[in-house]
$ cat input.cif   # mmCIF, C-alpha atoms and all ligand atoms
data_upload
loop_
_atom_site.label_atom_id
_atom_site.label_comp_id
_atom_site.auth_asym_id
_atom_site.auth_seq_id
_atom_site.Cartn_x
_atom_site.Cartn_y
_atom_site.Cartn_z
CA MET A 17 29.80 73.23 232.94
CA PRO A 18 30.35 72.73 229.22
CA ILE A 19 27.59 70.09 228.99
CA LYS A 20 24.18 71.71 228.73
CA PRO A 21 21.74 68.84 228.11
CA VAL A 22 18.99 70.00 225.78
CA THR A 23 16.41 68.19 227.91
CA GLY A 24 17.33 70.13 231.05
CA MET A 25 18.82 67.05 232.70
CA THR A 26 21.44 67.84 235.35
CA PRO A 27 24.89 67.37 233.78
CA LEU A 28 26.82 64.37 235.01
CA PRO A 29 30.55 64.44 235.70
CA LEU A 30 32.54 63.03 232.80
CA ASP A 31 36.18 63.24 233.83
CA SER A 32 37.29 59.67 234.43
CA PRO A 33 36.90 56.19 232.92
CA ASP A 34 34.52 55.38 235.80
CA ASP A 35 32.32 58.33 234.82
CA VAL A 36 32.14 57.01 231.26
CA ALA A 37 31.25 53.52 232.54
CA ALA A 38 28.40 55.07 234.56
CA LEU A 39 27.20 56.97 231.48
CA VAL A 40 27.06 53.81 229.36
CA GLU A 41 25.20 52.05 232.18
CA LEU A 42 22.58 54.79 232.10
CA LEU A 43 22.33 54.51 228.33
CA GLN A 44 21.46 50.84 228.73
CA ARG A 45 18.31 51.61 230.71
CA PRO A 46 15.18 51.55 228.59
CA ASP A 47 13.85 54.75 230.22
CA SER A 48 17.08 56.72 229.80
CA ASP A 49 17.08 60.37 228.68
CA THR A 50 18.78 59.59 225.39
CA ARG A 51 18.98 63.18 224.16
CA GLY A 52 20.40 64.42 227.45
CA LEU A 53 22.91 61.58 227.45
CA GLY A 54 23.63 62.39 223.80
CA ASP A 55 24.95 65.80 224.83
CA HIS A 56 27.28 64.07 227.28
CA LEU A 57 28.47 61.82 224.47
CA ALA A 58 29.04 64.88 222.24
CA PHE A 59 31.24 66.34 224.99
CA LEU A 60 33.15 63.07 225.22
CA ALA A 61 33.64 63.05 221.43
CA GLY A 62 34.95 66.61 221.61
CA THR A 63 37.30 66.13 224.53
CA ARG A 64 38.37 62.52 225.23
CA PRO A 65 36.84 60.10 222.71
CA GLU A 66 39.43 57.45 223.64
CA LEU A 67 37.57 56.87 226.92
CA PHE A 68 34.64 55.52 224.91
CA ARG A 69 36.67 52.90 223.05
CA PRO A 70 35.99 50.02 225.53
CA TYR A 71 32.24 50.44 224.92
CA GLN A 72 32.17 50.59 221.13
CA GLU A 73 31.12 47.00 220.64
CA ALA A 74 28.53 46.96 223.43
CA VAL A 75 26.90 50.12 222.07
CA ILE A 76 26.96 49.07 218.42
CA THR A 77 25.53 45.63 219.09
CA GLY A 78 23.06 46.48 221.84
CA MET A 79 22.33 50.20 222.30
CA LEU A 80 22.45 51.86 218.91
CA ASP A 81 18.74 52.74 219.05
CA ARG A 82 19.45 54.87 222.15
CA PHE A 83 22.75 56.34 220.91
CA ASP A 84 21.49 59.83 220.06
CA VAL A 85 24.71 61.24 218.61
CA SER A 86 25.46 63.25 215.43
CA PHE A 87 27.39 61.57 212.64
CA ALA A 88 30.37 63.88 213.30
CA ASP A 89 30.52 62.72 216.92
CA GLN A 90 29.92 59.09 215.93
CA CYS A 91 33.04 59.22 213.76
CA LEU A 92 35.10 60.03 216.87
CA LEU A 93 33.33 57.68 219.28
CA LEU A 94 32.90 54.65 216.99
CA GLY A 95 35.96 55.23 214.75
CA GLY A 96 38.20 52.16 214.53
CA ALA A 97 35.67 49.79 216.13
CA PRO A 98 36.61 46.11 215.69
CA ASP A 99 35.61 44.11 212.61
CA GLN A 100 32.94 42.12 214.49
CA CYS A 101 31.02 45.42 214.74
CA VAL A 102 31.25 45.77 210.96
CA GLU A 103 29.92 42.21 210.63
CA HIS A 104 27.05 42.91 212.99
CA LEU A 105 25.98 46.10 211.17
CA THR A 106 26.33 44.49 207.74
CA GLN A 107 23.97 41.71 208.85
CA ARG A 108 21.47 44.24 210.12
CA LEU A 109 21.59 46.23 206.88
CA ARG A 110 20.71 43.03 205.01
CA SER A 111 17.88 42.00 207.33
CA ASP A 112 16.34 45.02 209.03
CA ARG A 113 17.75 48.08 207.35
CA SER A 114 17.82 51.43 209.16
CA PHE A 115 19.91 54.44 208.35
CA GLY A 116 21.17 54.49 211.95
CA ASP A 117 23.01 51.25 211.17
CA ALA A 118 24.42 52.66 207.95
CA TRP A 119 25.65 55.78 209.77
CA ALA A 120 27.33 53.74 212.48
CA LEU A 121 28.99 51.53 209.88
CA ALA A 122 30.32 54.57 208.01
CA ALA A 123 31.46 56.16 211.29
CA ILE A 124 33.68 53.15 212.06
CA GLY A 125 35.74 54.25 209.09
CA THR A 126 38.13 51.26 208.95
CA ALA A 127 39.04 49.54 205.68
CA ALA A 128 36.53 46.78 206.51
CA ALA A 129 33.79 49.29 207.28
CA LEU A 130 34.35 51.38 204.13
CA THR A 131 34.36 48.22 202.01
CA ALA A 132 31.06 47.22 203.62
CA VAL A 133 29.56 50.68 202.92
CA ALA A 134 30.51 50.40 199.23
CA GLU A 135 28.95 46.92 199.07
CA ASP A 136 25.81 48.23 200.72
CA VAL A 137 25.41 50.94 198.05
CA ARG A 138 26.18 48.53 195.21
CA ASN A 139 23.53 46.18 196.65
CA GLY A 140 20.89 48.90 196.47
CA GLY A 141 21.59 50.89 199.66
CA ASP A 142 20.82 54.60 199.55
CA ARG A 143 23.80 56.40 198.01
CA GLU A 144 22.28 59.82 198.64
CA GLU A 145 22.00 59.29 202.35
CA TYR A 146 25.69 58.41 202.54
CA GLU A 147 26.55 61.43 200.37
CA LEU A 148 24.59 63.67 202.73
CA SER A 149 27.09 62.64 205.41
CA GLY A 150 30.09 63.27 203.14
CA ILE A 151 30.74 59.66 202.08
CA TRP A 152 31.50 58.88 198.48
CA VAL A 153 31.18 55.47 196.87
CA PRO A 154 33.26 55.34 193.67
CA ALA A 155 32.60 52.92 190.80
CA THR A 156 35.03 50.41 192.32
CA GLY A 157 36.78 49.97 195.65
CA PRO A 158 35.86 51.05 199.17
CA ALA A 159 33.84 54.11 200.16
CA GLN A 160 35.80 57.29 200.86
CA TYR A 161 35.43 59.98 203.49
CA ARG A 162 35.15 63.34 201.73
CA PHE A 163 35.96 65.11 205.00
CA SER A 164 38.46 64.85 207.81
CA PRO A 165 36.99 63.61 211.11
CA GLN A 166 39.27 66.13 212.90
CA ARG A 167 37.36 69.29 213.74
CA ARG A 168 38.20 72.83 214.74
CA ALA A 169 35.72 75.22 216.33
CA VAL A 170 35.48 78.49 214.40
CA TRP A 171 35.69 81.42 216.85
CA LEU A 172 34.80 84.89 215.57
CA GLN A 173 36.70 87.99 216.66
CA PRO A 174 35.48 91.33 215.30
CA ILE A 175 38.04 93.75 213.87
CA ASN A 176 37.39 97.44 214.35
CA GLU A 177 40.22 98.82 212.23
CA PRO A 178 39.90 97.86 208.54
CA GLY A 179 43.69 98.11 208.10
CA LYS A 180 44.17 95.09 210.34
CA LEU A 181 42.25 92.71 208.09
CA ALA A 182 45.20 92.21 205.76
CA ALA A 183 47.37 90.91 208.59
CA VAL A 184 45.15 88.11 209.88
CA ASP A 185 45.36 84.45 208.84
CA HIS A 186 41.64 83.85 208.49
CA PRO A 187 39.88 87.08 207.46
CA VAL A 188 36.14 87.77 207.31
CA GLY A 189 35.01 90.56 205.00
CA LEU A 190 37.60 90.83 202.21
CA PRO A 191 36.65 92.89 199.15
CA VAL A 192 35.18 90.66 196.43
CA GLU A 193 37.99 91.60 194.01
CA GLU A 194 40.50 89.93 196.31
CA VAL A 195 38.77 86.55 196.08
CA ALA A 196 37.08 86.60 192.66
CA GLN A 197 38.47 87.17 189.22
CA ASN A 198 36.52 89.56 187.04
CA PRO A 199 34.50 91.11 189.91
CA SER A 200 32.13 93.07 187.68
CA ALA A 201 30.81 89.92 185.99
CA THR A 202 30.93 87.32 188.77
CA PRO A 203 27.87 86.10 190.71
CA ILE A 204 30.09 86.28 193.83
CA SER A 205 28.85 89.25 195.84
CA TRP A 206 29.96 88.59 199.42
CA HIS A 207 32.97 87.28 201.30
CA TYR A 208 32.25 85.29 204.43
CA LEU A 209 35.59 83.77 205.31
CA SER A 210 39.01 82.73 204.05
CA LEU A 211 40.92 79.94 205.76
CA ARG A 212 44.56 79.08 205.51
CA HIS A 213 44.50 75.64 203.97
CA ALA A 214 47.34 74.42 206.22
CA ASP A 215 45.40 75.26 209.39
CA VAL A 216 42.47 72.91 208.73
CA PRO A 217 43.74 69.46 209.66
CA GLY A 218 43.27 66.64 207.17
CA LEU A 219 42.44 68.64 204.03
CA PRO A 220 43.73 67.18 200.75
CA PRO A 221 46.53 69.09 198.96
CA TRP A 222 45.55 72.42 197.43
CA PRO A 223 47.55 74.68 195.07
CA ALA A 224 46.75 77.97 196.89
CA ASN A 225 47.44 79.10 200.46
CA ARG A 226 43.85 79.96 201.17
CA VAL A 227 40.34 78.79 200.38
CA HIS A 228 37.42 81.19 200.40
CA LEU A 229 33.80 80.86 201.49
CA VAL A 230 31.78 83.32 199.43
CA GLY A 231 28.13 84.06 198.74
CA THR A 232 25.69 85.37 196.19
CA ARG A 233 22.63 87.66 196.29
CA ALA A 234 20.04 85.27 197.69
CA THR A 235 18.76 84.23 201.09
CA CYS A 236 19.66 80.54 200.90
CA MET A 237 19.26 77.30 198.90
CA TRP A 238 21.95 77.80 196.30
CA THR A 239 25.21 76.18 195.20
CA LEU A 240 28.09 78.10 193.66
CA HIS A 241 30.83 76.34 191.69
CA ALA A 242 34.10 77.94 190.55
CA GLY A 243 37.61 77.20 189.41
CA ILE A 244 40.68 78.98 190.78
CA ASP A 245 43.31 81.15 189.11
CA ASP A 246 47.05 81.29 189.88
CA TYR A 247 46.36 83.48 192.91
CA GLY A 248 43.68 81.20 194.34
CA ARG A 249 40.93 83.65 193.28
CA TYR A 250 37.70 82.16 192.04
CA ARG A 251 37.10 82.22 188.29
CA SER A 252 34.20 81.17 186.03
CA ALA A 253 31.84 81.10 189.01
CA ALA A 254 28.30 79.85 188.35
CA VAL A 255 25.38 79.51 190.73
CA THR A 256 22.43 77.16 190.70
CA PHE A 257 19.36 78.01 192.79
CA ASP A 258 16.64 75.73 194.09
CA GLN A 259 14.46 78.70 193.18
CA PRO A 260 15.99 81.82 191.60
CA PRO A 261 15.73 84.91 193.83
CA ALA A 262 13.23 87.60 192.90
CA ALA A 263 14.61 90.95 191.69
CA GLU A 264 13.65 92.62 195.00
CA GLU A 265 15.56 89.98 196.93
CA GLU A 266 18.68 90.66 194.90
CA GLU A 267 18.25 94.39 195.45
CA THR A 268 17.97 93.88 199.20
CA TYR A 269 21.30 92.10 199.25
CA ARG A 270 22.91 94.63 196.94
CA SER A 271 21.96 97.34 199.43
CA LEU A 272 23.75 95.44 202.19
CA GLU A 273 27.04 95.39 200.34
CA VAL A 274 28.77 98.13 202.26
CA PRO A 275 32.56 97.85 202.16
CA GLY A 276 34.03 97.42 205.61
CA PHE A 277 30.86 95.88 207.09
CA GLY A 278 31.30 93.01 209.53
CA LEU A 279 35.08 92.75 209.40
CA ALA A 280 36.52 90.06 211.63
CA SER A 281 39.05 87.30 211.91
CA VAL A 282 38.42 83.76 212.99
CA GLU A 283 40.51 81.51 215.12
CA LEU A 284 40.43 77.74 214.68
CA ARG A 285 40.66 75.98 218.02
CA PRO A 286 40.41 72.27 218.84
CA TYR A 287 37.19 71.00 220.32
CA ASP A 288 37.65 71.10 224.08
CA ALA A 289 35.97 71.72 227.44
CA ASP A 290 35.64 75.46 226.69
CA LEU A 291 32.76 74.78 224.31
CA VAL A 292 29.08 74.45 225.23
CA TYR A 293 27.73 71.06 224.12
CA CYS A 294 23.97 71.31 223.67
CA ASN A 295 21.48 69.60 221.34
CA GLY A 296 24.29 67.70 219.60
CA HIS A 297 26.28 70.79 218.57
CA ILE A 298 28.51 73.59 219.87
CA GLN A 299 26.74 76.55 218.30
CA LEU A 300 25.47 77.91 221.64
CA THR A 301 29.05 78.67 222.68
CA PRO A 302 29.36 82.49 222.74
CA GLY A 303 31.75 83.49 219.92
CA VAL A 304 31.54 80.19 218.01
CA VAL A 305 30.03 80.42 214.52
CA GLY A 306 30.77 77.00 213.02
CA THR A 307 33.18 74.13 212.51
CA ALA A 308 36.11 73.60 210.17
CA GLY A 309 36.75 69.98 209.26
CA GLY A 310 34.39 67.20 210.23
CA PRO A 311 31.62 65.92 207.95
CA PRO A 312 29.26 68.36 206.24
CA ILE A 313 26.19 69.42 208.23
CA GLY A 314 23.88 67.06 206.37
CA LEU A 315 20.99 69.48 205.82
CA TYR A 316 21.44 70.07 202.10
CA ALA A 317 22.77 67.99 199.21
CA ASN A 318 26.55 68.13 199.17
CA PRO A 319 28.04 69.26 195.87
CA SER A 320 29.66 66.95 193.34
CA CYS A 321 32.61 68.27 191.36
CA PRO A 322 31.37 69.75 188.06
CA SER A 323 34.49 68.40 186.31
CA CYS A 324 34.89 64.83 187.59
CA GLY A 325 31.60 64.11 189.37
CA ARG A 326 33.26 63.04 192.63
CA LEU A 327 31.63 64.18 195.87
CA MET A 328 33.54 67.27 196.98
CA PHE A 329 35.62 67.49 200.15
CA HIS A 330 34.08 69.44 203.03
CA VAL A 331 36.23 72.28 204.41
CA VAL A 332 34.07 74.39 206.74
CA SER A 333 30.45 75.22 207.65
CA VAL A 334 29.43 78.42 209.43
CA GLU A 335 26.24 80.27 210.29
CA ASN A 336 25.41 83.36 208.20
CA ARG A 337 25.96 85.51 211.30
CA ILE A 338 29.70 85.20 210.71
CA ARG A 339 29.04 88.20 208.44
CA GLU A 340 25.33 88.94 208.22
CA TYR A 341 24.08 88.29 204.68
CA GLY A 342 21.44 85.75 203.77
CA ASP A 343 20.09 83.24 206.23
CA GLY A 344 21.16 79.82 207.49
CA TRP A 345 24.33 77.81 206.95
CA ARG A 346 27.17 78.43 204.51
CA SER A 347 29.58 75.62 203.59
CA LEU A 348 32.75 75.36 201.53
CA PHE A 349 33.97 72.30 199.59
CA ILE A 350 36.89 71.56 197.26
CA CYS A 351 37.84 68.97 194.65
CA GLU A 352 41.56 68.48 195.03
CA ASP A 353 41.82 66.62 191.69
CA CYS A 354 40.25 69.32 189.49
CA HIS A 355 41.00 72.40 191.64
CA THR A 356 37.34 73.35 191.75
CA VAL A 357 35.51 74.84 194.73
CA SER A 358 31.92 74.92 195.77
CA CYS A 359 30.06 77.05 198.31
CA ASN A 360 26.49 76.32 199.26
CA ALA A 361 23.75 77.78 201.41
CA THR A 362 20.88 76.17 203.22
CA GLY A 363 18.27 77.45 205.65
CA TRP A 364 18.28 76.41 209.31
CA ASN A 365 16.82 72.91 208.89
ZN ZN B 401 36.85 67.00 190.43
#
$ encode --input "input.cif" --output "structure tokens"
Amino acid sequence: MPIKPVTGMTPLPLDSPDDVAALVELLQRPDSDTRGLGDHLAFLAGTRPELFRPYQEAVITGMLDRFDVSFADQCLLLGGAPDQCVEHLTQRLRSDRSFGDAWALAAIGTAAALTAVAEDVRNGGDREEYELSGIWVPATGPAQYRFSPQRRAVWLQPINEPGKLAAVDHPVGLPVEEVAQNPSATPISWHYLSLRHADVPGLPPWPANRVHLVGTRATCMWTLHAGIDDYGRYRSAAVTFDQPPAAEEEETYRSLEVPGFGLASVELRPYDADLVYCNGHIQLTPGVVGTAGGPPIGLYANPSCPSCGRLMFHVVSVENRIREYGDGWRSLFICEDCHTVSCNATGWN
């Protein structure tokens, strides 16, 4: 069973419209196991979100406090909800503000909803909380998603023969000189993953075939910005740390930099019933190390473009175990206007 409720609740069948009706009925009960039901809703978001459409309004207007669902899943379950839902949430934001309402409003994602989000921020709503979910409010006009709601699970497949790395679409473990200009002077010390831009649905246009997720010599809590050269390699990379790593920490990572360590390829597969849905994510699925597309993970401030200041577009987030180095999550972002990239690293939570 792909649903593994974090509370230990016995998974319910979720194959038909009647099953979804029964699930929503359970959600309505005041004593419902909201986290256990949340894992069912995550499965529904990953497999057949259209079955939830008839319940969007009932949930938004009457059950939002029990709707224990990640923002990424909300985008699929609440996306396109009718304008009366936008009205309802806008009223609530004015009278009895909670960030759950703001999230749901952003997740609706229609022109009306994104206009309402922008108005909320311009009326004093918390811009940073929206930005944490990948939503940008420009100086004028509606809010913008800086991510594609379409997601792909990132499946890791180790490669035992180094010669094979060059032939794969999405390699893990390239030499730094293949992804960074001026390798002797760059703060880039590790390659986690390259993705073919065309294989991540919904990314904005990009001048190179691939985008790279790279790292620096520190455990976590850093952001790396770079431009790209004509080959898509990163140039003029610069890192900011929440707290600069000690010399010993840097040395530890330097000692791990063994060429040929942790070579692999990744496959990007749609969310489906082959994944394990537990605790609002899919990370307990054996072989899955992260998600391409979807909103950023929301644990660490998302980068703004160093050139234009716009919130950058989320490409992928993976756990460090994709290629052991550092600790926690690694994410990649791009600014399609300025051709800048950003990689960042946060701890587990
Ligand atoms: Zn920019």
$ closest_residue --input "input.cif" --among "A:Asp288, A:Asp353, A:Asp246, A:Asp343" --to "ligand ZN 401 (chain B)" --atoms "all atoms listed in the file"
A:Asp353
$ residues_near_ligand --input "input.cif" --ligand "ligand ZN 401 (chain B)" --cutoff "8 Å" --atoms "all atoms listed in the file" --output "list in words"
Ser320, Cys321, Pro322, Ser323, Cys324, Gly325, Arg326, Met328, Cys351, Glu352, Asp353, Cys354, His355 and Thr356 of chain A
$ write_last_selection --input "input.cif" --atoms "C-alpha atoms" --output "PDB file, in the coordinates of the input"
ATOM      1  CA  SER A 320      29.660  66.950 193.340  1.00  0.00           C
ATOM      2  CA  CYS A 321      32.610  68.270 191.360  1.00  0.00           C
ATOM      3  CA  PRO A 322      31.370  69.750 188.060  1.00  0.00           C
ATOM      4  CA  SER A 323      34.490  68.400 186.310  1.00  0.00           C
ATOM      5  CA  CYS A 324      34.890  64.830 187.590  1.00  0.00           C
ATOM      6  CA  GLY A 325      31.600  64.110 189.370  1.00  0.00           C
ATOM      7  CA  ARG A 326      33.260  63.040 192.630  1.00  0.00           C
ATOM      8  CA  MET A 328      33.540  67.270 196.980  1.00  0.00           C
ATOM      9  CA  CYS A 351      37.840  68.970 194.650  1.00  0.00           C
ATOM     10  CA  GLU A 352      41.560  68.480 195.030  1.00  0.00           C
ATOM     11  CA  ASP A 353      41.820  66.620 191.690  1.00  0.00           C
ATOM     12  CA  CYS A 354      40.250  69.320 189.490  1.00  0.00           C
ATOM     13  CA  HIS A 355      41.000  72.400 191.640  1.00  0.00           C
ATOM     14  CA  THR A 356      37.340  73.350 191.750  1.00  0.00           C
TER      15      THR A 356
END
$ closest_residue --input "input.cif" --among "A:Asp34, A:Asp49, A:Glu73, A:Glu147" --to "A:Pro311" --atoms "only C-alpha atoms"
A:Glu147
$ closest_atom_pairs --input "input.cif" --of "stretch 275-314 of chain A" --to "stretch 162-186 of chain A" --cutoff "8 Å" --atoms "all atoms listed in the file" --output "tab-separated table"
residue	atom	partner	partner_atom	distance
A:Gly276	CA	A:Pro178	CA	6.6
A:Gly278	CA	A:Pro174	CA	7.3
A:Leu279	CA	A:Ile175	CA	5.5
A:Ala280	CA	A:Pro174	CA	4.0
A:Ser281	CA	A:Gln173	CA	5.3
A:Val282	CA	A:Leu172	CA	4.6
A:Glu283	CA	A:Trp171	CA	5.1
A:Leu284	CA	A:Val170	CA	5.0
A:Arg285	CA	A:Arg168	CA	5.2
A:Pro286	CA	A:Arg168	CA	4.7
A:Tyr287	CA	A:Arg168	CA	6.0
A:Gly303	CA	A:Trp171	CA	5.4
A:Val304	CA	A:Trp171	CA	4.5
A:Val305	CA	A:Val170	CA	5.8
A:Gly306	CA	A:Val170	CA	5.1
A:Thr307	CA	A:Ala169	CA	4.7
A:Ala308	CA	A:Arg168	CA	5.1
A:Gly309	CA	A:Arg167	CA	4.6
A:Gly310	CA	A:Pro165	CA	4.5
A:Pro311	CA	A:Phe163	CA	5.3
A:Pro312	CA	A:Phe163	CA	7.5
$ closest_residue --input "input.cif" --among "A:Leu327, A:Leu209, A:Ala242, A:Val274" --to "A:Tyr146" --atoms "only C-alpha atoms"
A:Leu327
$ closest_residue --input "input.cif" --among "A:Gly363, A:Pro223, A:Pro154, A:Gly116" --to "A:Ile244" --atoms "only C-alpha atoms"
A:Pro223
